[in-house]
$ cat run-v9.pdb   # PDB, C-alpha atoms, pLDDT in the B column
ATOM      1  CA  MET A   1     146.210 153.248 173.230  1.00 72.00           C
ATOM      2  CA  LYS A   2     143.194 150.991 173.010  1.00 80.00           C
ATOM      3  CA  LYS A   3     140.159 152.149 174.970  1.00 84.00           C
ATOM      4  CA  ALA A   4     137.537 150.065 176.733  1.00 90.00           C
ATOM      5  CA  GLN A   5     133.934 151.110 176.230  1.00 91.00           C
ATOM      6  CA  ILE A   6     130.698 149.549 177.409  1.00 94.00           C
ATOM      7  CA  VAL A   7     128.535 148.336 174.536  1.00 94.00           C
ATOM      8  CA  TYR A   8     125.914 146.571 176.672  1.00 96.00           C
ATOM      9  CA  GLN A   9     124.933 146.737 180.320  1.00 97.00           C
ATOM     10  CA  GLN A  10     122.035 145.267 182.239  1.00 97.00           C
ATOM     11  CA  GLY A  11     122.784 145.277 185.963  1.00 96.00           C
ATOM     12  CA  ASN A  12     125.937 143.214 186.578  1.00 96.00           C
ATOM     13  CA  HIS A  13     125.882 141.862 183.019  1.00 98.00           C
ATOM     14  CA  ILE A  14     128.353 143.976 181.004  1.00 97.00           C
ATOM     15  CA  TRP A  15     129.986 143.745 177.584  1.00 97.00           C
ATOM     16  CA  ARG A  16     133.037 145.944 177.050  1.00 97.00           C
ATOM     17  CA  VAL A  17     134.864 146.336 173.762  1.00 94.00           C
ATOM     18  CA  ILE A  18     138.610 146.977 173.894  1.00 92.00           C
ATOM     19  CA  ALA A  19     138.592 148.785 170.580  1.00 78.00           C
ATOM     20  CA  ARG A  20     140.999 149.790 167.842  1.00 72.00           C
ATOM     21  CA  ASP A  21     144.270 151.495 168.665  1.00 74.00           C
ATOM     22  CA  PRO A  22     144.948 154.484 166.394  1.00 71.00           C
ATOM     23  CA  ALA A  23     148.587 154.571 167.535  1.00 74.00           C
ATOM     24  CA  ARG A  24     149.387 150.948 166.646  1.00 74.00           C
ATOM     25  CA  PRO A  25     152.165 150.238 164.116  1.00 78.00           C
ATOM     26  CA  ASN A  26     150.680 149.953 160.627  1.00 77.00           C
ATOM     27  CA  TYR A  27     152.318 146.543 160.071  1.00 81.00           C
ATOM     28  CA  LEU A  28     150.072 144.936 162.729  1.00 82.00           C
ATOM     29  CA  ILE A  29     146.540 143.762 161.986  1.00 81.00           C
ATOM     30  CA  ASP A  30     144.156 145.576 164.300  1.00 78.00           C
ATOM     31  CA  THR A  31     141.794 143.589 166.486  1.00 85.00           C
ATOM     32  CA  ASN A  32     138.931 144.107 168.900  1.00 88.00           C
ATOM     33  CA  GLU A  33     138.814 142.295 172.219  1.00 95.00           C
ATOM     34  CA  TYR A  34     135.592 141.906 174.211  1.00 96.00           C
ATOM     35  CA  LEU A  35     135.303 141.482 177.966  1.00 98.00           C
ATOM     36  CA  ILE A  36     132.052 139.857 179.096  1.00 98.00           C
ATOM     37  CA  SER A  37     131.353 140.314 182.803  1.00 98.00           C
ATOM     38  CA  TYR A  38     128.634 138.792 184.934  1.00 98.00           C
ATOM     39  CA  ASN A  39     128.280 139.016 188.712  1.00 97.00           C
ATOM     40  CA  GLY A  40     131.916 139.950 189.188  1.00 96.00           C
ATOM     41  CA  LYS A  41     133.515 137.373 186.857  1.00 98.00           C
ATOM     42  CA  SER A  42     134.708 137.925 183.278  1.00 98.00           C
ATOM     43  CA  ILE A  43     135.727 136.106 180.122  1.00 98.00           C
ATOM     44  CA  LEU A  44     137.980 137.808 177.558  1.00 98.00           C
ATOM     45  CA  THR A  45     137.384 136.962 173.904  1.00 98.00           C
ATOM     46  CA  ASP A  46     140.274 136.661 171.432  1.00 97.00           C
ATOM     47  CA  PRO A  47     142.699 138.461 173.780  1.00 97.00           C
ATOM     48  CA  GLY A  48     145.035 139.457 170.969  1.00 95.00           C
ATOM     49  CA  GLY A  49     148.675 139.207 170.049  1.00 94.00           C
ATOM     50  CA  MET A  50     151.610 139.529 172.410  1.00 93.00           C
ATOM     51  CA  GLU A  51     152.546 142.864 170.795  1.00 90.00           C
ATOM     52  CA  ILE A  52     149.356 144.508 172.062  1.00 91.00           C
ATOM     53  CA  PHE A  53     149.119 142.809 175.451  1.00 95.00           C
ATOM     54  CA  THR A  54     150.207 145.876 177.430  1.00 93.00           C
ATOM     55  CA  SER A  55     147.684 148.098 175.644  1.00 92.00           C
ATOM     56  CA  VAL A  56     144.822 145.634 176.144  1.00 95.00           C
ATOM     57  CA  PHE A  57     145.764 145.029 179.772  1.00 96.00           C
ATOM     58  CA  ALA A  58     146.018 148.767 180.531  1.00 95.00           C
ATOM     59  CA  SER A  59     142.630 149.418 178.927  1.00 94.00           C
ATOM     60  CA  ILE A  60     141.008 146.684 180.989  1.00 96.00           C
ATOM     61  CA  CYS A  61     142.632 148.066 184.165  1.00 96.00           C
ATOM     62  CA  GLU A  62     141.138 151.494 183.437  1.00 94.00           C
ATOM     63  CA  ALA A  63     137.664 149.984 183.130  1.00 94.00           C
ATOM     64  CA  THR A  64     137.540 147.152 185.661  1.00 95.00           C
ATOM     65  CA  ASN A  65     139.607 144.783 187.800  1.00 97.00           C
ATOM     66  CA  PRO A  66     141.556 142.307 185.603  1.00 97.00           C
ATOM     67  CA  ASP A  67     141.667 139.900 188.552  1.00 98.00           C
ATOM     68  CA  ASP A  68     137.999 139.173 187.752  1.00 98.00           C
ATOM     69  CA  ILE A  69     138.950 137.489 184.473  1.00 98.00           C
ATOM     70  CA  VAL A  70     138.534 133.736 184.940  1.00 98.00           C
ATOM     71  CA  ALA A  71     138.793 132.519 181.339  1.00 98.00           C
ATOM     72  CA  LEU A  72     139.863 133.366 177.826  1.00 98.00           C
ATOM     73  CA  PHE A  73     138.033 132.430 174.639  1.00 98.00           C
ATOM     74  CA  ALA A  74     140.069 131.800 171.473  1.00 98.00           C
ATOM     75  CA  SER A  75     137.933 131.553 168.359  1.00 98.00           C
ATOM     76  CA  HIS A  76     140.832 130.024 166.402  1.00 97.00           C
ATOM     77  CA  GLN A  77     144.602 129.670 166.278  1.00 97.00           C
ATOM     78  CA  ASP A  78     145.921 132.827 164.610  1.00 96.00           C
ATOM     79  CA  PRO A  79     148.635 134.810 166.447  1.00 95.00           C
ATOM     80  CA  ASP A  80     146.641 138.060 166.338  1.00 94.00           C
ATOM     81  CA  ILE A  81     143.954 136.173 168.253  1.00 96.00           C
ATOM     82  CA  ILE A  82     145.815 134.348 171.010  1.00 97.00           C
ATOM     83  CA  SER A  83     149.620 134.785 170.955  1.00 97.00           C
ATOM     84  CA  SER A  84     149.343 136.893 174.135  1.00 97.00           C
ATOM     85  CA  LEU A  85     148.337 133.720 175.996  1.00 98.00           C
ATOM     86  CA  SER A  86     151.661 133.271 177.799  1.00 98.00           C
ATOM     87  CA  LEU A  87     151.537 136.851 179.099  1.00 98.00           C
ATOM     88  CA  TRP A  88     147.997 136.374 180.418  1.00 98.00           C
ATOM     89  CA  LEU A  89     149.096 133.166 182.125  1.00 98.00           C
ATOM     90  CA  GLU A  90     152.107 134.926 183.608  1.00 98.00           C
ATOM     91  CA  TYR A  91     149.690 137.430 185.122  1.00 98.00           C
ATOM     92  CA  LYS A  92     147.175 134.794 186.248  1.00 98.00           C
ATOM     93  CA  PRO A  93     148.391 131.174 185.894  1.00 97.00           C
ATOM     94  CA  GLU A  94     145.036 129.629 186.817  1.00 97.00           C
ATOM     95  CA  LEU A  95     143.237 131.101 183.792  1.00 98.00           C
ATOM     96  CA  THR A  96     141.517 128.591 181.543  1.00 98.00           C
ATOM     97  CA  CYS A  97     141.192 128.986 177.790  1.00 98.00           C
ATOM     98  CA  TYR A  98     138.265 127.742 175.711  1.00 98.00           C
ATOM     99  CA  LEU A  99     139.352 126.850 172.184  1.00 98.00           C
ATOM    100  CA  PRO A 100     138.215 124.627 169.299  1.00 98.00           C
ATOM    101  CA  TRP A 101     139.504 121.098 169.899  1.00 98.00           C
ATOM    102  CA  LEU A 102     141.310 121.128 166.539  1.00 97.00           C
ATOM    103  CA  TRP A 103     143.828 123.651 167.875  1.00 97.00           C
ATOM    104  CA  THR A 104     144.595 121.998 171.214  1.00 96.00           C
ATOM    105  CA  GLY A 105     147.921 120.786 169.829  1.00 95.00           C
ATOM    106  CA  PHE A 106     148.846 124.148 168.305  1.00 95.00           C
ATOM    107  CA  ILE A 107     147.798 126.949 170.671  1.00 97.00           C
ATOM    108  CA  PRO A 108     149.855 125.499 173.575  1.00 96.00           C
ATOM    109  CA  HIS A 109     152.910 126.639 171.595  1.00 96.00           C
ATOM    110  CA  PHE A 110     151.888 130.121 172.796  1.00 96.00           C
ATOM    111  CA  GLY A 111     151.859 128.916 176.433  1.00 96.00           C
ATOM    112  CA  GLY A 112     149.865 126.910 178.926  1.00 96.00           C
ATOM    113  CA  ASP A 113     149.607 123.216 179.722  1.00 94.00           C
ATOM    114  CA  LYS A 114     146.952 120.487 179.687  1.00 90.00           C
ATOM    115  CA  ASN A 115     145.153 122.122 182.633  1.00 94.00           C
ATOM    116  CA  THR A 116     144.842 125.438 180.787  1.00 98.00           C
ATOM    117  CA  PHE A 117     142.695 124.359 177.863  1.00 98.00           C
ATOM    118  CA  ILE A 118     139.027 123.438 177.565  1.00 98.00           C
ATOM    119  CA  PRO A 119     138.423 121.993 174.071  1.00 98.00           C
ATOM    120  CA  ILE A 120     135.251 123.022 172.256  1.00 98.00           C
ATOM    121  CA  PRO A 121     133.736 120.116 170.272  1.00 98.00           C
ATOM    122  CA  ASP A 122     132.716 120.650 166.648  1.00 97.00           C
ATOM    123  CA  PRO A 123     128.967 121.033 167.404  1.00 97.00           C
ATOM    124  CA  GLY A 124     129.699 123.686 170.052  1.00 97.00           C
ATOM    125  CA  MET A 125     129.153 123.723 173.792  1.00 98.00           C
ATOM    126  CA  ALA A 126     127.720 125.699 176.692  1.00 98.00           C
ATOM    127  CA  ILE A 127     129.972 127.927 178.797  1.00 98.00           C
ATOM    128  CA  ASP A 128     128.880 128.949 182.277  1.00 98.00           C
ATOM    129  CA  LEU A 129     130.221 132.361 183.301  1.00 98.00           C
ATOM    130  CA  ASN A 130     129.314 132.583 186.968  1.00 97.00           C
ATOM    131  CA  GLY A 131     125.672 131.832 186.192  1.00 97.00           C
ATOM    132  CA  LEU A 132     125.501 133.442 182.737  1.00 98.00           C
ATOM    133  CA  ALA A 133     124.861 130.855 180.022  1.00 98.00           C
ATOM    134  CA  LEU A 134     126.998 131.453 176.935  1.00 98.00           C
ATOM    135  CA  ARG A 135     127.025 129.231 173.856  1.00 98.00           C
ATOM    136  CA  THR A 136     129.721 128.518 171.299  1.00 98.00           C
ATOM    137  CA  ILE A 137     128.529 128.449 167.687  1.00 97.00           C
ATOM    138  CA  PRO A 138     130.352 126.394 165.016  1.00 96.00           C
ATOM    139  CA  ALA A 139     131.960 128.598 162.366  1.00 96.00           C
ATOM    140  CA  HIS A 140     134.252 126.066 160.721  1.00 95.00           C
ATOM    141  CA  TYR A 141     136.303 127.210 157.695  1.00 94.00           C
ATOM    142  CA  LEU A 142     135.327 130.851 158.281  1.00 94.00           C
ATOM    143  CA  HIS A 143     138.194 131.392 157.887  1.00 91.00           C
ATOM    144  CA  SER A 144     139.848 128.773 160.092  1.00 94.00           C
ATOM    145  CA  SER A 145     139.084 125.063 159.670  1.00 93.00           C
ATOM    146  CA  GLY A 146     138.449 125.000 163.411  1.00 95.00           C
ATOM    147  CA  ASN A 147     136.649 128.256 164.174  1.00 96.00           C
ATOM    148  CA  SER A 148     134.057 129.075 166.801  1.00 97.00           C
ATOM    149  CA  ASN A 149     131.847 132.050 167.617  1.00 97.00           C
ATOM    150  CA  LEU A 150     130.494 132.945 171.050  1.00 98.00           C
ATOM    151  CA  TYR A 151     126.846 133.835 171.634  1.00 98.00           C
ATOM    152  CA  ASP A 152     125.280 135.491 174.660  1.00 98.00           C
ATOM    153  CA  PRO A 153     121.545 134.653 174.456  1.00 97.00           C
ATOM    154  CA  THR A 154     120.658 137.000 177.311  1.00 97.00           C
ATOM    155  CA  ALA A 155     122.229 140.087 175.742  1.00 97.00           C
ATOM    156  CA  LYS A 156     121.511 138.706 172.234  1.00 97.00           C
ATOM    157  CA  ILE A 157     125.084 139.502 171.186  1.00 97.00           C
ATOM    158  CA  LEU A 158     127.078 137.285 168.814  1.00 96.00           C
ATOM    159  CA  PHE A 159     130.853 137.598 168.991  1.00 96.00           C
ATOM    160  CA  SER A 160     131.604 136.698 165.384  1.00 94.00           C
ATOM    161  CA  GLY A 161     135.384 137.058 165.537  1.00 92.00           C
ATOM    162  CA  ASP A 162     136.952 137.300 162.088  1.00 92.00           C
ATOM    163  CA  ILE A 163     133.670 136.779 160.251  1.00 91.00           C
ATOM    164  CA  GLY A 164     132.916 140.209 158.851  1.00 80.00           C
ATOM    165  CA  ALA A 165     136.478 141.412 159.358  1.00 85.00           C
ATOM    166  CA  ALA A 166     137.269 144.438 157.213  1.00 85.00           C
ATOM    167  CA  LEU A 167     140.597 146.045 156.412  1.00 82.00           C
ATOM    168  CA  LEU A 168     139.513 149.560 157.317  1.00 80.00           C
ATOM    169  CA  PRO A 169     141.617 152.689 156.803  1.00 79.00           C
ATOM    170  CA  PRO A 170     143.618 153.821 159.864  1.00 73.00           C
ATOM    171  CA  GLU A 171     141.425 156.862 160.477  1.00 75.00           C
ATOM    172  CA  GLU A 172     138.317 154.684 160.820  1.00 75.00           C
ATOM    173  CA  THR A 173     138.152 153.982 164.561  1.00 72.00           C
ATOM    174  CA  ASN A 174     134.416 153.908 165.244  1.00 78.00           C
ATOM    175  CA  ILE A 175     133.232 151.091 167.471  1.00 79.00           C
ATOM    176  CA  PHE A 176     129.862 150.936 165.732  1.00 84.00           C
ATOM    177  CA  VAL A 177     129.376 150.721 161.968  1.00 85.00           C
ATOM    178  CA  THR A 178     127.878 153.936 160.617  1.00 87.00           C
ATOM    179  CA  ASP A 179     128.453 153.270 156.885  1.00 89.00           C
ATOM    180  CA  PHE A 180     127.710 149.620 156.174  1.00 89.00           C
ATOM    181  CA  ASP A 181     128.412 149.907 152.440  1.00 91.00           C
ATOM    182  CA  ALA A 182     131.928 151.197 153.154  1.00 88.00           C
ATOM    183  CA  VAL A 183     132.598 148.358 155.603  1.00 88.00           C
ATOM    184  CA  ILE A 184     131.380 145.755 153.102  1.00 90.00           C
ATOM    185  CA  LYS A 185     133.718 147.206 150.473  1.00 91.00           C
ATOM    186  CA  ALA A 186     136.618 147.029 152.957  1.00 89.00           C
ATOM    187  CA  ALA A 187     135.701 143.409 153.780  1.00 89.00           C
ATOM    188  CA  GLU A 188     135.560 142.136 150.182  1.00 90.00           C
ATOM    189  CA  GLY A 189     139.258 141.352 149.775  1.00 87.00           C
ATOM    190  CA  PHE A 190     139.502 139.513 153.080  1.00 86.00           C
ATOM    191  CA  HIS A 191     136.385 137.462 152.408  1.00 87.00           C
ATOM    192  CA  ARG A 192     137.309 136.539 148.852  1.00 87.00           C
ATOM    193  CA  ARG A 193     140.739 135.301 149.918  1.00 87.00           C
ATOM    194  CA  TRP A 194     140.060 133.832 153.373  1.00 87.00           C
ATOM    195  CA  MET A 195     136.420 132.684 153.315  1.00 86.00           C
ATOM    196  CA  GLY A 196     136.887 129.996 150.687  1.00 78.00           C
ATOM    197  CA  SER A 197     133.769 127.876 151.179  1.00 88.00           C
ATOM    198  CA  ASN A 198     130.281 129.003 150.267  1.00 90.00           C
ATOM    199  CA  VAL A 199     128.917 125.801 151.835  1.00 93.00           C
ATOM    200  CA  ALA A 200     130.566 126.725 155.140  1.00 93.00           C
ATOM    201  CA  LYS A 201     129.107 130.230 154.963  1.00 91.00           C
ATOM    202  CA  LEU A 202     125.603 128.875 154.330  1.00 93.00           C
ATOM    203  CA  ASN A 203     125.975 126.361 157.176  1.00 92.00           C
ATOM    204  CA  TRP A 204     127.010 129.170 159.529  1.00 93.00           C
ATOM    205  CA  CYS A 205     124.054 131.321 158.440  1.00 91.00           C
ATOM    206  CA  GLU A 206     121.732 128.376 159.084  1.00 90.00           C
TER     207      GLU A 206
END
$ encode --input "run-v9.pdb" --output "structure tokens"
Amino acid sequence: MKKAQIVYQQGNHIWRVIARDPARPNYLIDTNEYLISYNGKSILTDPGGMEIFTSVFASICEATNPDDIVALFASHQDPDIISSLSLWLEYKPELTCYLPWLWTGFIPHFGGDKNTFIPIPDPGMAIDLNGLALRTIPAHYLHSSGNSNLYDPTAKILFSGDIGAALLPPEETNIFVTDFDAVIKAAEGFHRRWMGSNVAKLNWCE
């Protein structure tokens, strides 16, 4: 089962990673979900696919109260990112979901209605999490034509989503990278196939 671990804490400002699941079926792409909490309210980034909802939800319950989650953040439209949306809304119908505007006609196929979604404009936007100022960063075409990162300027943490994704071997379950060269090698295939625009990469770096 996925496990939640704190990767940053300063008072009531907490980042938790819901990390890789060594027991997952090998036909599913593995994902990391992050729960950002501030003064008793939380936002869950890229909450994952419907197949892993129970594992993610159980891990969050072990670490904190899921009732504190007030919003979801979907960096893009892929099913491994946000197909669990309907299950989250079944648990808490009033949840809102921040997502790039380009996908506001697509992601609702996973669930929700016009009151669920808060579109992120192409230049990005500010998100207020109970007094914590977060910022969305444009990451278009990396690898989705409408892609967005989330930055926490207080913690100085960038949630880069699929940028830097690596197809690691199943036994590699570390939360933190200890062998950067090995991770880069595991990322090469994904980046060569899915990150098709050098201009977009340079714009993102800028």
$ resolve_selection --input "run-v9.pdb" --expression "the PyMOL selection byres ((chain A and resi 116-131) around 8)" --output "count of residues only"
27
$ atom_distance --input "run-v9.pdb" --atom1 "CA of Pro47 (chain A)" --atom2 "CA of Ala139 (chain A)"
18.5 Å
$ residues_around --input "run-v9.pdb" --residues "region 52-56 of chain A" --least-positions-apart "3" --cutoff "7 Å" --atoms "all atoms listed in the file" --output "list in words"
Met1, Lys2, Ile18, Gly48, Gly49, Ser59, Ile60 and Ser84 of chain A
$ residues_around --input "run-v9.pdb" --residues "region 86-89 of chain A" --least-positions-apart "3" --cutoff "6 Å" --atoms "only C-alpha atoms" --output "list of chain:residue names"
A:Lys92, A:Pro93, A:Phe110, A:Gly111
$ closest_residue --input "run-v9.pdb" --among "A:Thr31, A:Asn147, A:Ser37, A:Gln77" --to "Gly105 (chain A)" --atoms "all atoms listed in the file"
A:Gln77
$ closest_residue --input "run-v9.pdb" --among "A:Phe106, A:Trp15, A:Tyr8, A:Trp194" --to "Ser144 (chain A)" --atoms "all atoms listed in the file"
A:Trp194
$ residues_around --input "run-v9.pdb" --residues "Lys3 (chain A)" --least-positions-apart "2" --cutoff "12 Å" --atoms "all atoms listed in the file" --output "VMD selection string"
chain A and resid 1 5 to 6 16 to 23 32 to 34 55 to 63 173 to 175
$ atom_distance --input "run-v9.pdb" --atom1 "CA of Asp179 (chain A)" --atom2 "CA of Ser160 (chain A)"
18.9 Å
$ atom_distance --input "run-v9.pdb" --atom1 "CA of Asn203 (chain A)" --atom2 "CA of Ile81 (chain A)"
23.3 Å
$ closest_residue --input "run-v9.pdb" --among "A:Leu202, A:Ala4, A:Gly196, A:Gly164" --to "Val177 (chain A)" --atoms "only C-alpha atoms"
A:Gly164
$ closest_residue --input "run-v9.pdb" --among "A:Ile29, A:His109, A:Glu51, A:Leu168" --to "Val183 (chain A)" --atoms "all atoms listed in the file"
A:Leu168
$ closest_residue --input "run-v9.pdb" --among "A:Arg193, A:His140, A:Arg24, A:His13" --to "His76 (chain A)" --atoms "all atoms listed in the file"
A:His140
$ closest_atom_pairs --input "run-v9.pdb" --of "region 14-121 of chain A" --to "region 150-154 of chain A" --cutoff "10 Å" --atoms "only C-alpha atoms" --output "Markdown table"
| residue | atom | partner | partner_atom | distance |
| --- | --- | --- | --- | --- |
| A:Trp15 | CA | A:Asp152 | CA | 9.9 |
| A:Ile36 | CA | A:Asp152 | CA | 9.2 |
| A:Thr45 | CA | A:Leu150 | CA | 8.5 |
| A:Phe73 | CA | A:Leu150 | CA | 8.4 |
| A:Ala74 | CA | A:Leu150 | CA | 9.7 |
| A:Ser75 | CA | A:Leu150 | CA | 8.0 |
$ axis_aligned_box --input "run-v9.pdb" --around "region 190-203 of chain A" --padding-each-side "6 Å" --output "JSON"
{"center_x": 133.2, "center_y": 132.7, "center_z": 153.0, "size_x": 27.1, "size_y": 25.7, "size_z": 20.3}
$ closest_residue --input "run-v9.pdb" --among "A:Asn26, A:Asp46, A:Lys185, A:Gly40" --to "Gly161 (chain A)" --atoms "all atoms listed in the file"
A:Asp46
